[in-house]
>>> print(open('data.cif').read())   # mmCIF, C-alpha atoms
data_my_file
#
loop_
_atom_site.label_atom_id
_atom_site.label_comp_id
_atom_site.auth_asym_id
_atom_site.auth_seq_id
_atom_site.Cartn_x
_atom_site.Cartn_y
_atom_site.Cartn_z
CA MET A 1348 -30.82 -9.41 -5.13
CA GLU A 1349 -30.02 -13.10 -5.04
CA PHE A 1350 -29.36 -14.69 -8.44
CA THR A 1351 -28.72 -18.28 -9.38
CA ALA A 1352 -25.14 -19.12 -10.25
CA GLU A 1353 -26.33 -20.09 -13.74
CA ALA A 1354 -27.80 -16.61 -14.23
CA VAL A 1355 -24.57 -14.90 -13.20
CA GLU A 1356 -22.58 -17.13 -15.54
CA SER A 1357 -24.89 -15.98 -18.34
CA PHE A 1358 -24.12 -12.34 -17.46
CA LEU A 1359 -20.45 -13.09 -18.09
CA GLY A 1360 -20.97 -14.25 -21.65
CA SER A 1361 -17.59 -14.71 -23.30
CA THR A 1362 -15.79 -11.85 -21.54
CA GLN A 1363 -12.17 -12.31 -20.59
CA PRO A 1364 -11.05 -12.04 -16.96
CA GLY A 1365 -9.75 -8.73 -15.69
CA LYS A 1366 -8.13 -8.05 -12.32
CA GLU A 1367 -7.25 -11.09 -10.23
CA ASN A 1368 -6.08 -11.68 -6.69
CA GLU A 1369 -5.66 -14.65 -4.38
CA PHE A 1370 -9.40 -15.15 -3.95
CA TRP A 1371 -11.32 -13.37 -6.73
CA ILE A 1372 -11.36 -12.83 -10.49
CA THR A 1373 -13.16 -9.77 -11.90
CA TYR A 1374 -15.13 -9.78 -15.15
CA ASP A 1375 -17.19 -7.28 -17.12
CA GLY A 1376 -20.74 -8.50 -17.65
CA HIS A 1377 -24.21 -7.45 -18.70
CA ILE A 1378 -27.61 -8.11 -17.14
CA GLY A 1379 -30.23 -8.51 -19.81
CA SER A 1380 -34.02 -8.38 -19.56
CA GLY A 1381 -36.11 -10.76 -17.54
CA TYR A 1382 -34.57 -10.35 -14.09
CA GLY A 1383 -36.89 -7.71 -12.66
CA ILE A 1384 -34.25 -4.97 -12.80
CA PRO A 1385 -33.11 -2.65 -15.61
CA GLU A 1386 -30.72 -3.98 -18.21
CA GLN A 1387 -27.26 -2.75 -17.31
CA PRO A 1388 -23.51 -3.34 -17.58
CA VAL A 1389 -22.05 -4.80 -14.40
CA SER A 1390 -18.76 -5.79 -12.83
CA ILE A 1391 -18.72 -9.38 -11.57
CA LYS A 1392 -16.39 -10.91 -9.03
CA LYS A 1393 -16.19 -14.68 -9.25
CA SER A 1394 -14.33 -16.50 -6.52
CA ARG A 1395 -11.68 -19.04 -7.18
CA PRO A 1396 -12.97 -22.59 -6.60
CA LYS A 1397 -14.13 -23.17 -3.06
CA ASP A 1398 -11.91 -25.04 -0.68
CA SER A 1399 -13.44 -26.51 2.45
CA GLU A 1400 -10.44 -25.25 4.41
CA CYS A 1401 -10.52 -21.72 2.97
CA LEU A 1402 -12.53 -19.97 5.66
CA GLU A 1403 -11.24 -16.55 4.63
CA LEU A 1404 -12.93 -16.77 1.22
CA LYS A 1405 -16.31 -17.47 2.82
CA ALA A 1406 -15.73 -14.70 5.37
CA GLN A 1407 -14.92 -12.24 2.58
CA PHE A 1408 -18.08 -13.18 0.70
CA GLU A 1409 -20.26 -12.75 3.78
CA ASN A 1410 -18.52 -9.48 4.60
CA LYS A 1411 -19.13 -8.05 1.14
CA LEU A 1412 -22.84 -8.86 1.48
CA LYS A 1413 -23.03 -5.98 3.95
CA LEU A 1414 -23.50 -3.89 0.82
CA LYS A 1415 -26.98 -5.37 0.33
CA SER A 1416 -28.54 -2.73 2.57
CA ILE A 1417 -26.33 0.16 1.45
CA ASN A 1418 -27.63 2.81 -0.92
CA HIS A 1419 -25.37 5.83 -1.19
CA THR A 1420 -24.16 7.80 -4.18
CA ASN A 1421 -20.52 7.54 -3.07
CA ILE A 1422 -20.50 3.77 -2.41
CA VAL A 1423 -20.50 1.13 -5.11
CA LYS A 1424 -23.86 -0.62 -5.37
CA LEU A 1425 -24.10 -4.37 -4.92
CA VAL A 1426 -26.63 -5.36 -7.58
CA GLY A 1427 -26.78 -9.03 -6.58
CA TYR A 1428 -24.96 -12.15 -5.51
CA ALA A 1429 -25.00 -15.92 -5.92
CA GLU A 1430 -23.42 -19.06 -4.57
CA SER A 1431 -22.91 -22.47 -6.14
CA ASP A 1432 -21.28 -25.64 -4.87
CA THR A 1433 -17.97 -24.44 -6.29
CA HIS A 1434 -17.99 -20.62 -6.42
CA PHE A 1435 -19.20 -17.38 -4.86
CA TYR A 1436 -20.38 -14.51 -7.10
CA LEU A 1437 -20.76 -10.78 -6.44
CA VAL A 1438 -22.42 -8.52 -9.02
CA TYR A 1439 -21.71 -4.77 -8.77
CA GLU A 1440 -22.77 -1.73 -10.72
CA LYS A 1441 -20.27 -0.93 -13.47
CA ILE A 1442 -18.39 2.28 -12.75
CA GLN A 1443 -16.67 4.09 -15.61
CA GLY A 1444 -13.66 5.94 -14.27
CA ARG A 1445 -10.17 5.71 -12.84
CA THR A 1446 -8.98 4.57 -9.46
CA LEU A 1447 -7.64 7.30 -7.24
CA ASP A 1448 -4.16 5.78 -7.16
CA GLN A 1449 -4.04 6.14 -10.94
CA MET A 1450 -5.15 9.76 -10.70
CA ILE A 1451 -2.59 10.63 -8.02
CA GLU A 1452 0.13 9.85 -10.54
CA ASP A 1453 -1.16 12.86 -12.47
CA GLN A 1454 -1.81 16.28 -11.01
CA ILE A 1455 -5.26 16.63 -9.43
CA LEU A 1456 -6.57 20.18 -9.33
CA TRP A 1457 -7.50 21.56 -5.92
CA GLU A 1458 -11.21 21.77 -6.78
CA GLY A 1459 -11.21 18.15 -7.89
CA ALA A 1460 -9.40 16.99 -4.75
CA ILE A 1461 -11.96 18.75 -2.54
CA LYS A 1462 -14.85 17.10 -4.42
CA ILE A 1463 -13.26 13.67 -3.99
CA LEU A 1464 -12.62 14.19 -0.26
CA GLU A 1465 -16.15 15.50 0.32
CA GLY A 1466 -17.63 12.42 -1.38
CA ILE A 1467 -15.52 9.98 0.64
CA ALA A 1468 -16.30 11.85 3.86
CA CYS A 1469 -20.02 11.48 3.10
CA ALA A 1470 -19.54 7.75 2.48
CA ILE A 1471 -17.70 7.26 5.78
CA ARG A 1472 -20.36 9.18 7.69
CA TYR A 1473 -23.09 7.12 6.05
CA LEU A 1474 -21.42 3.89 7.18
CA GLN A 1475 -20.98 5.19 10.70
CA GLU A 1476 -24.65 6.25 10.93
CA HIS A 1477 -26.17 3.25 9.12
CA PRO A 1478 -28.98 1.60 11.12
CA ASN A 1479 -27.34 -1.81 10.71
CA GLY A 1480 -23.99 -0.37 11.83
CA PRO A 1481 -22.07 1.57 12.79
CA TRP A 1482 -19.68 0.10 10.23
CA VAL A 1483 -15.99 0.75 9.79
CA HIS A 1484 -14.64 0.25 6.27
CA CYS A 1485 -11.04 -0.54 7.39
CA GLY A 1486 -9.80 -0.52 3.78
CA LEU A 1487 -9.78 3.12 2.85
CA CYS A 1488 -6.96 3.73 0.35
CA PRO A 1489 -6.57 5.15 -3.18
CA SER A 1490 -6.89 1.80 -4.96
CA ASN A 1491 -10.33 1.29 -3.37
CA ILE A 1492 -11.78 4.54 -4.71
CA VAL A 1493 -12.98 5.04 -8.29
CA VAL A 1494 -13.59 8.54 -9.61
CA ASN A 1495 -16.05 8.85 -12.49
CA GLU A 1496 -15.93 11.26 -15.42
CA ASN A 1497 -17.78 13.89 -13.38
CA GLY A 1498 -15.17 13.79 -10.64
CA SER A 1499 -17.42 12.02 -8.14
CA PRO A 1500 -15.82 9.23 -6.07
CA LYS A 1501 -17.17 5.78 -5.28
CA LEU A 1502 -15.88 3.73 -2.35
CA LEU A 1503 -15.18 0.08 -3.22
CA GLU A 1504 -13.98 -3.14 -1.63
CA PHE A 1505 -15.66 -4.14 1.62
CA ARG A 1506 -13.55 -7.21 2.35
CA TYR A 1507 -12.31 -5.74 5.65
CA CYS A 1508 -15.48 -3.93 6.73
CA VAL A 1509 -16.57 -4.73 10.30
CA ALA A 1510 -18.95 -3.36 12.89
CA LEU A 1511 -17.71 -0.81 15.37
CA GLY A 1512 -15.76 -2.54 18.15
CA GLU A 1513 -15.19 -5.79 16.25
CA ARG A 1514 -11.70 -7.13 15.71
CA LYS A 1515 -10.15 -5.81 12.51
CA ILE A 1516 -9.39 -8.48 9.92
CA GLY A 1517 -7.09 -6.48 7.67
CA GLY A 1518 -6.08 -3.12 6.31
CA TYR A 1519 -3.43 -1.46 4.18
CA GLU A 1520 0.03 -0.39 5.24
CA GLY A 1521 0.38 3.37 5.50
CA PHE A 1522 -3.35 3.78 6.15
CA LYS A 1523 -3.63 1.93 9.48
CA HIS A 1524 -4.04 3.91 12.69
CA PRO A 1525 -0.70 3.35 14.52
CA GLU A 1526 -2.25 3.39 18.02
CA GLU A 1527 -5.13 0.99 17.49
CA LYS A 1528 -5.21 -2.22 19.53
CA GLY A 1529 -6.83 -4.45 16.92
CA LEU A 1530 -10.46 -3.32 17.34
CA ALA A 1531 -12.23 -1.18 14.75
CA SER A 1532 -13.08 2.30 15.95
CA LEU A 1533 -14.48 5.45 14.36
CA GLU A 1534 -10.92 6.73 14.27
CA THR A 1535 -9.89 3.85 11.97
CA ASP A 1536 -11.46 5.37 8.87
CA VAL A 1537 -10.86 8.95 10.01
CA PHE A 1538 -7.10 8.30 10.18
CA SER A 1539 -7.11 6.71 6.70
CA PHE A 1540 -9.13 9.66 5.40
CA GLY A 1541 -6.48 12.01 6.76
CA VAL A 1542 -3.76 10.13 4.90
CA LEU A 1543 -5.82 10.45 1.71
CA GLY A 1544 -6.07 14.19 2.28
CA VAL A 1545 -2.29 14.47 2.56
CA LEU A 1546 -1.80 12.47 -0.65
CA LEU A 1547 -4.17 14.72 -2.57
#
>>> encode(input="data.cif", output="structure tokens")
Amino acid sequence: MEFTAEAVESFLGSTQPGKENEFWITYDGHIGSGYGIPEQPVSIKKSRPKDSECLELKAQFENKLKLKSINHTNIVKLVGYAESDTHFYLVYEKIQGRTLDQMIEDQILWEGAIKILEGIACAIRYLQEHPNGPWVHCGLCPSNIVVNENGSPKLLEFRYCVALGERKIGGYEGFKHPEEKGLASLETDVFSFGVLGVLL
């Protein structure tokens, strides 16, 4: 759903910024009534101020909009987005849980590990079989997976997602297929999934 930038700013209220990186700042927010969707808590990514020379920021925003047509229980839902003269905005469902890298520091029971791997496998298959795809996530790693209180995983962060056969634009050390030649393949995510399995 496309919002105005003013609307997204109103969702932020007076909340303090959370996680930050080179391009984005994450906030907790809340969508109230009057927008044609249920009231709900959300997670909002607001870009750092636009720079006419920062093509990567615009590419990341456009890449993340791939989520518009995705509806899967194991993939974070993009509720809406907006763009102003100075910023990009991405509004996601709010997920209560812990990232998988946080959980790996503790001991994960075998049954829980299997449930997490099954959920991520379903998400990968969904992307590969999506009618607008096939898509390759290219960013599969523990910090991009949130596990809720029921032990179900959600795949996050689509900044590196590309169509099958397109040139990869990023990835994470230790999760990259060592024999790839720079083009995304079905094996890209399968290899990363295998590394996850070893870690769990």
>>> resolve_selection(input="data.cif", expression="the PyMOL selection byres ((chain A and resi 1425) around 8)", output="list in words")
Leu1412, Leu1414, Lys1415, Val1423, Lys1424, Val1426, Gly1427, Tyr1428, Leu1437, Val1438, Tyr1439 and Glu1440 of chain A
>>> resolve_selection(input="data.cif", expression="the PyMOL selection byres ((chain A and resi 1451) around 12)", output="short mmCIF file (atom, residue, chain, number, x, y, z; two decimals) with C-alpha atoms, in the frame of the given file")
data_model
loop_
_atom_site.label_atom_id
_atom_site.label_comp_id
_atom_site.auth_asym_id
_atom_site.auth_seq_id
_atom_site.Cartn_x
_atom_site.Cartn_y
_atom_site.Cartn_z
CA ARG A 1445 -10.17 5.71 -12.84
CA THR A 1446 -8.98 4.57 -9.46
CA LEU A 1447 -7.64 7.30 -7.24
CA ASP A 1448 -4.16 5.78 -7.16
CA GLN A 1449 -4.04 6.14 -10.94
CA MET A 1450 -5.15 9.76 -10.70
CA GLU A 1452 0.13 9.85 -10.54
CA ASP A 1453 -1.16 12.86 -12.47
CA GLN A 1454 -1.81 16.28 -11.01
CA ILE A 1455 -5.26 16.63 -9.43
CA LEU A 1456 -6.57 20.18 -9.33
CA GLY A 1459 -11.21 18.15 -7.89
CA ALA A 1460 -9.40 16.99 -4.75
CA ILE A 1463 -13.26 13.67 -3.99
CA CYS A 1488 -6.96 3.73 0.35
CA PRO A 1489 -6.57 5.15 -3.18
CA SER A 1490 -6.89 1.80 -4.96
CA ILE A 1492 -11.78 4.54 -4.71
CA VAL A 1493 -12.98 5.04 -8.29
CA VAL A 1494 -13.59 8.54 -9.61
CA LEU A 1543 -5.82 10.45 1.71
CA GLY A 1544 -6.07 14.19 2.28
CA VAL A 1545 -2.29 14.47 2.56
CA LEU A 1546 -1.80 12.47 -0.65
CA LEU A 1547 -4.17 14.72 -2.57
#
>>> atom_distance(input="data.cif", atom1="atom CA of Thr1433 of chain A", atom2="atom CA of Ile1372 of chain A")
14.0 Å
>>> resolve_selection(input="data.cif", expression="the PyMOL selection byres ((chain A and resi 1409) around 12)", output="tab-separated table (two decimals) with C-alpha atoms, in the coordinates of the input")
chain	number	residue	atom	x	y	z
A	1402	LEU	CA	-12.53	-19.97	5.66
A	1403	GLU	CA	-11.24	-16.55	4.63
A	1404	LEU	CA	-12.93	-16.77	1.22
A	1405	LYS	CA	-16.31	-17.47	2.82
A	1406	ALA	CA	-15.73	-14.70	5.37
A	1407	GLN	CA	-14.92	-12.24	2.58
A	1408	PHE	CA	-18.08	-13.18	0.70
A	1410	ASN	CA	-18.52	-9.48	4.60
A	1411	LYS	CA	-19.13	-8.05	1.14
A	1412	LEU	CA	-22.84	-8.86	1.48
A	1413	LYS	CA	-23.03	-5.98	3.95
A	1414	LEU	CA	-23.50	-3.89	0.82
A	1415	LYS	CA	-26.98	-5.37	0.33
A	1428	TYR	CA	-24.96	-12.15	-5.51
A	1429	ALA	CA	-25.00	-15.92	-5.92
A	1430	GLU	CA	-23.42	-19.06	-4.57
A	1435	PHE	CA	-19.20	-17.38	-4.86
A	1436	TYR	CA	-20.38	-14.51	-7.10
A	1437	LEU	CA	-20.76	-10.78	-6.44
A	1505	PHE	CA	-15.66	-4.14	1.62
A	1506	ARG	CA	-13.55	-7.21	2.35
A	1507	TYR	CA	-12.31	-5.74	5.65
A	1508	CYS	CA	-15.48	-3.93	6.73
A	1509	VAL	CA	-16.57	-4.73	10.30
>>> closest_residue(input="data.cif", among="A:Ile1384, A:Leu1474, A:Leu1511, A:Ile1391", to="Gln1363 of chain A", atoms="all atoms listed in the file")
A:Ile1391
>>> closest_residue(input="data.cif", among="A:Lys1523, A:Lys1515, A:His1419, A:His1434", to="Arg1472 of chain A", atoms="all atoms listed in the file")
A:His1419
>>> residues_around(input="data.cif", residues="Lys1528 of chain A", least_positions_apart="6", cutoff="12 Å", atoms="only C-alpha atoms", output="list of chain:residue names")
A:Gly1512, A:Glu1513, A:Arg1514, A:Lys1515, A:Glu1534, A:Thr1535
>>> closest_residue(input="data.cif", among="A:Cys1485, A:Gly1383, A:Ala1510, A:Asn1491", to="Glu1527 of chain A", atoms="all atoms listed in the file")
A:Cys1485
>>> atom_distance(input="data.cif", atom1="atom CA of Asp1398 of chain A", atom2="atom CA of Ala1352 of chain A")
17.4 Å
>>> closest_residue(input="data.cif", among="A:Gly1444, A:Pro1525, A:Ile1422, A:Gly1365", to="Asn1497 of chain A", atoms="only C-alpha atoms")
A:Gly1444
>>> atom_distance(input="data.cif", atom1="atom CA of Glu1504 of chain A", atom2="atom CA of Trp1457 of chain A")
25.9 Å
>>> build_atoms(input="data.cif", residues="segment 1468-1504 of chain A", atoms="N, CA and C atoms", output="PDB file, keeping the file's coordinate frame")
ATOM      1  N   ALA A1468     -15.855  11.503   2.508  1.00  0.00           N
ATOM      2  CA  ALA A1468     -16.300  11.850   3.860  1.00  0.00           C
ATOM      3  C   ALA A1468     -17.778  11.524   4.046  1.00  0.00           C
ATOM      4  N   CYS A1469     -18.588  11.809   3.031  1.00  0.00           N
ATOM      5  CA  CYS A1469     -20.020  11.480   3.100  1.00  0.00           C
ATOM      6  C   CYS A1469     -20.223   9.967   3.191  1.00  0.00           C
ATOM      7  N   ALA A1470     -19.423   9.204   2.445  1.00  0.00           N
ATOM      8  CA  ALA A1470     -19.540   7.750   2.480  1.00  0.00           C
ATOM      9  C   ALA A1470     -19.185   7.208   3.861  1.00  0.00           C
ATOM     10  N   ILE A1471     -18.115   7.711   4.453  1.00  0.00           N
ATOM     11  CA  ILE A1471     -17.700   7.260   5.780  1.00  0.00           C
ATOM     12  C   ILE A1471     -18.775   7.587   6.815  1.00  0.00           C
ATOM     13  N   ARG A1472     -19.308   8.792   6.738  1.00  0.00           N
ATOM     14  CA  ARG A1472     -20.360   9.180   7.690  1.00  0.00           C
ATOM     15  C   ARG A1472     -21.584   8.299   7.540  1.00  0.00           C
ATOM     16  N   TYR A1473     -21.937   7.997   6.297  1.00  0.00           N
ATOM     17  CA  TYR A1473     -23.090   7.120   6.050  1.00  0.00           C
ATOM     18  C   TYR A1473     -22.897   5.765   6.707  1.00  0.00           C
ATOM     19  N   LEU A1474     -21.695   5.187   6.563  1.00  0.00           N
ATOM     20  CA  LEU A1474     -21.420   3.890   7.180  1.00  0.00           C
ATOM     21  C   LEU A1474     -21.497   3.963   8.694  1.00  0.00           C
ATOM     22  N   GLN A1475     -20.983   5.050   9.246  1.00  0.00           N
ATOM     23  CA  GLN A1475     -20.980   5.190  10.700  1.00  0.00           C
ATOM     24  C   GLN A1475     -22.385   5.407  11.268  1.00  0.00           C
ATOM     25  N   GLU A1476     -23.287   5.960  10.460  1.00  0.00           N
ATOM     26  CA  GLU A1476     -24.650   6.250  10.930  1.00  0.00           C
ATOM     27  C   GLU A1476     -25.673   5.250  10.413  1.00  0.00           C
ATOM     28  N   HIS A1477     -25.231   4.216   9.694  1.00  0.00           N
ATOM     29  CA  HIS A1477     -26.170   3.250   9.120  1.00  0.00           C
ATOM     30  C   HIS A1477     -26.902   2.495  10.225  1.00  0.00           C
ATOM     31  N   PRO A1478     -28.219   2.282  10.067  1.00  0.00           N
ATOM     32  CA  PRO A1478     -28.980   1.600  11.120  1.00  0.00           C
ATOM     33  C   PRO A1478     -28.521   0.184  11.417  1.00  0.00           C
ATOM     34  N   ASN A1479     -27.877  -0.471  10.455  1.00  0.00           N
ATOM     35  CA  ASN A1479     -27.340  -1.810  10.710  1.00  0.00           C
ATOM     36  C   ASN A1479     -25.902  -1.764  11.229  1.00  0.00           C
ATOM     37  N   GLY A1480     -25.368  -0.565  11.394  1.00  0.00           N
ATOM     38  CA  GLY A1480     -23.990  -0.370  11.830  1.00  0.00           C
ATOM     39  C   GLY A1480     -23.932  -0.007  13.301  1.00  0.00           C
ATOM     40  N   PRO A1481     -23.015   0.868  13.666  1.00  0.00           N
ATOM     41  CA  PRO A1481     -22.070   1.570  12.790  1.00  0.00           C
ATOM     42  C   PRO A1481     -21.052   0.598  12.179  1.00  0.00           C
ATOM     43  N   TRP A1482     -20.658   0.900  10.924  1.00  0.00           N
ATOM     44  CA  TRP A1482     -19.680   0.100  10.230  1.00  0.00           C
ATOM     45  C   TRP A1482     -18.387   0.886  10.036  1.00  0.00           C
ATOM     46  N   VAL A1483     -17.305   0.162  10.042  1.00  0.00           N
ATOM     47  CA  VAL A1483     -15.990   0.750   9.790  1.00  0.00           C
ATOM     48  C   VAL A1483     -15.420   0.056   8.553  1.00  0.00           C
ATOM     49  N   HIS A1484     -15.062   0.818   7.542  1.00  0.00           N
ATOM     50  CA  HIS A1484     -14.640   0.250   6.270  1.00  0.00           C
ATOM     51  C   HIS A1484     -13.310  -0.503   6.396  1.00  0.00           C
ATOM     52  N   CYS A1485     -12.358   0.081   7.103  1.00  0.00           N
ATOM     53  CA  CYS A1485     -11.040  -0.540   7.390  1.00  0.00           C
ATOM     54  C   CYS A1485     -10.175  -0.769   6.159  1.00  0.00           C
ATOM     55  N   GLY A1486     -10.604  -0.316   4.987  1.00  0.00           N
ATOM     56  CA  GLY A1486      -9.800  -0.520   3.780  1.00  0.00           C
ATOM     57  C   GLY A1486      -9.701   0.717   2.927  1.00  0.00           C
ATOM     58  N   LEU A1487      -9.802   1.862   3.576  1.00  0.00           N
ATOM     59  CA  LEU A1487      -9.780   3.120   2.850  1.00  0.00           C
ATOM     60  C   LEU A1487      -8.381   3.402   2.323  1.00  0.00           C
ATOM     61  N   CYS A1488      -8.247   3.428   0.991  1.00  0.00           N
ATOM     62  CA  CYS A1488      -6.960   3.730   0.350  1.00  0.00           C
ATOM     63  C   CYS A1488      -7.250   4.078  -1.112  1.00  0.00           C
ATOM     64  N   PRO A1489      -6.305   4.687  -1.818  1.00  0.00           N
ATOM     65  CA  PRO A1489      -6.570   5.150  -3.180  1.00  0.00           C
ATOM     66  C   PRO A1489      -7.018   4.070  -4.162  1.00  0.00           C
ATOM     67  N   SER A1490      -6.514   2.848  -4.017  1.00  0.00           N
ATOM     68  CA  SER A1490      -6.890   1.800  -4.960  1.00  0.00           C
ATOM     69  C   SER A1490      -8.320   1.319  -4.770  1.00  0.00           C
ATOM     70  N   ASN A1491      -8.953   1.688  -3.649  1.00  0.00           N
ATOM     71  CA  ASN A1491     -10.330   1.290  -3.370  1.00  0.00           C
ATOM     72  C   ASN A1491     -11.325   2.424  -3.590  1.00  0.00           C
ATOM     73  N   ILE A1492     -10.917   3.416  -4.360  1.00  0.00           N
ATOM     74  CA  ILE A1492     -11.780   4.540  -4.710  1.00  0.00           C
ATOM     75  C   ILE A1492     -11.726   4.741  -6.211  1.00  0.00           C
ATOM     76  N   VAL A1493     -12.891   4.749  -6.856  1.00  0.00           N
ATOM     77  CA  VAL A1493     -12.980   5.040  -8.290  1.00  0.00           C
ATOM     78  C   VAL A1493     -13.638   6.398  -8.462  1.00  0.00           C
ATOM     79  N   VAL A1494     -13.057   7.210  -9.335  1.00  0.00           N
ATOM     80  CA  VAL A1494     -13.590   8.540  -9.610  1.00  0.00           C
ATOM     81  C   VAL A1494     -14.150   8.535 -11.033  1.00  0.00           C
ATOM     82  N   ASN A1495     -15.431   8.886 -11.175  1.00  0.00           N
ATOM     83  CA  ASN A1495     -16.050   8.850 -12.490  1.00  0.00           C
ATOM     84  C   ASN A1495     -15.713  10.097 -13.301  1.00  0.00           C
ATOM     85  N   GLU A1496     -16.278  10.172 -14.519  1.00  0.00           N
ATOM     86  CA  GLU A1496     -15.930  11.260 -15.420  1.00  0.00           C
ATOM     87  C   GLU A1496     -16.390  12.620 -14.911  1.00  0.00           C
ATOM     88  N   ASN A1497     -17.332  12.631 -13.968  1.00  0.00           N
ATOM     89  CA  ASN A1497     -17.780  13.890 -13.380  1.00  0.00           C
ATOM     90  C   ASN A1497     -16.991  14.285 -12.137  1.00  0.00           C
ATOM     91  N   GLY A1498     -15.997  13.481 -11.798  1.00  0.00           N
ATOM     92  CA  GLY A1498     -15.170  13.790 -10.640  1.00  0.00           C
ATOM     93  C   GLY A1498     -15.731  13.317  -9.321  1.00  0.00           C
ATOM     94  N   SER A1499     -16.809  12.515  -9.374  1.00  0.00           N
ATOM     95  CA  SER A1499     -17.420  12.020  -8.140  1.00  0.00           C
ATOM     96  C   SER A1499     -16.803  10.668  -7.765  1.00  0.00           C
ATOM     97  N   PRO A1500     -16.456  10.480  -6.486  1.00  0.00           N
ATOM     98  CA  PRO A1500     -15.820   9.230  -6.070  1.00  0.00           C
ATOM     99  C   PRO A1500     -16.826   8.167  -5.648  1.00  0.00           C
ATOM    100  N   LYS A1501     -16.405   6.923  -5.778  1.00  0.00           N
ATOM    101  CA  LYS A1501     -17.170   5.780  -5.280  1.00  0.00           C
ATOM    102  C   LYS A1501     -16.230   4.911  -4.446  1.00  0.00           C
ATOM    103  N   LEU A1502     -16.668   4.577  -3.240  1.00  0.00           N
ATOM    104  CA  LEU A1502     -15.880   3.730  -2.350  1.00  0.00           C
ATOM    105  C   LEU A1502     -16.150   2.263  -2.686  1.00  0.00           C
ATOM    106  N   LEU A1503     -15.079   1.494  -2.854  1.00  0.00           N
ATOM    107  CA  LEU A1503     -15.180   0.080  -3.220  1.00  0.00           C
ATOM    108  C   LEU A1503     -14.659  -0.814  -2.105  1.00  0.00           C
ATOM    109  N   GLU A1504     -14.700  -2.099  -2.361  1.00  0.00           N
ATOM    110  CA  GLU A1504     -13.980  -3.140  -1.630  1.00  0.00           C
ATOM    111  C   GLU A1504     -14.274  -3.165  -0.130  1.00  0.00           C
TER     112      GLU A1504
END
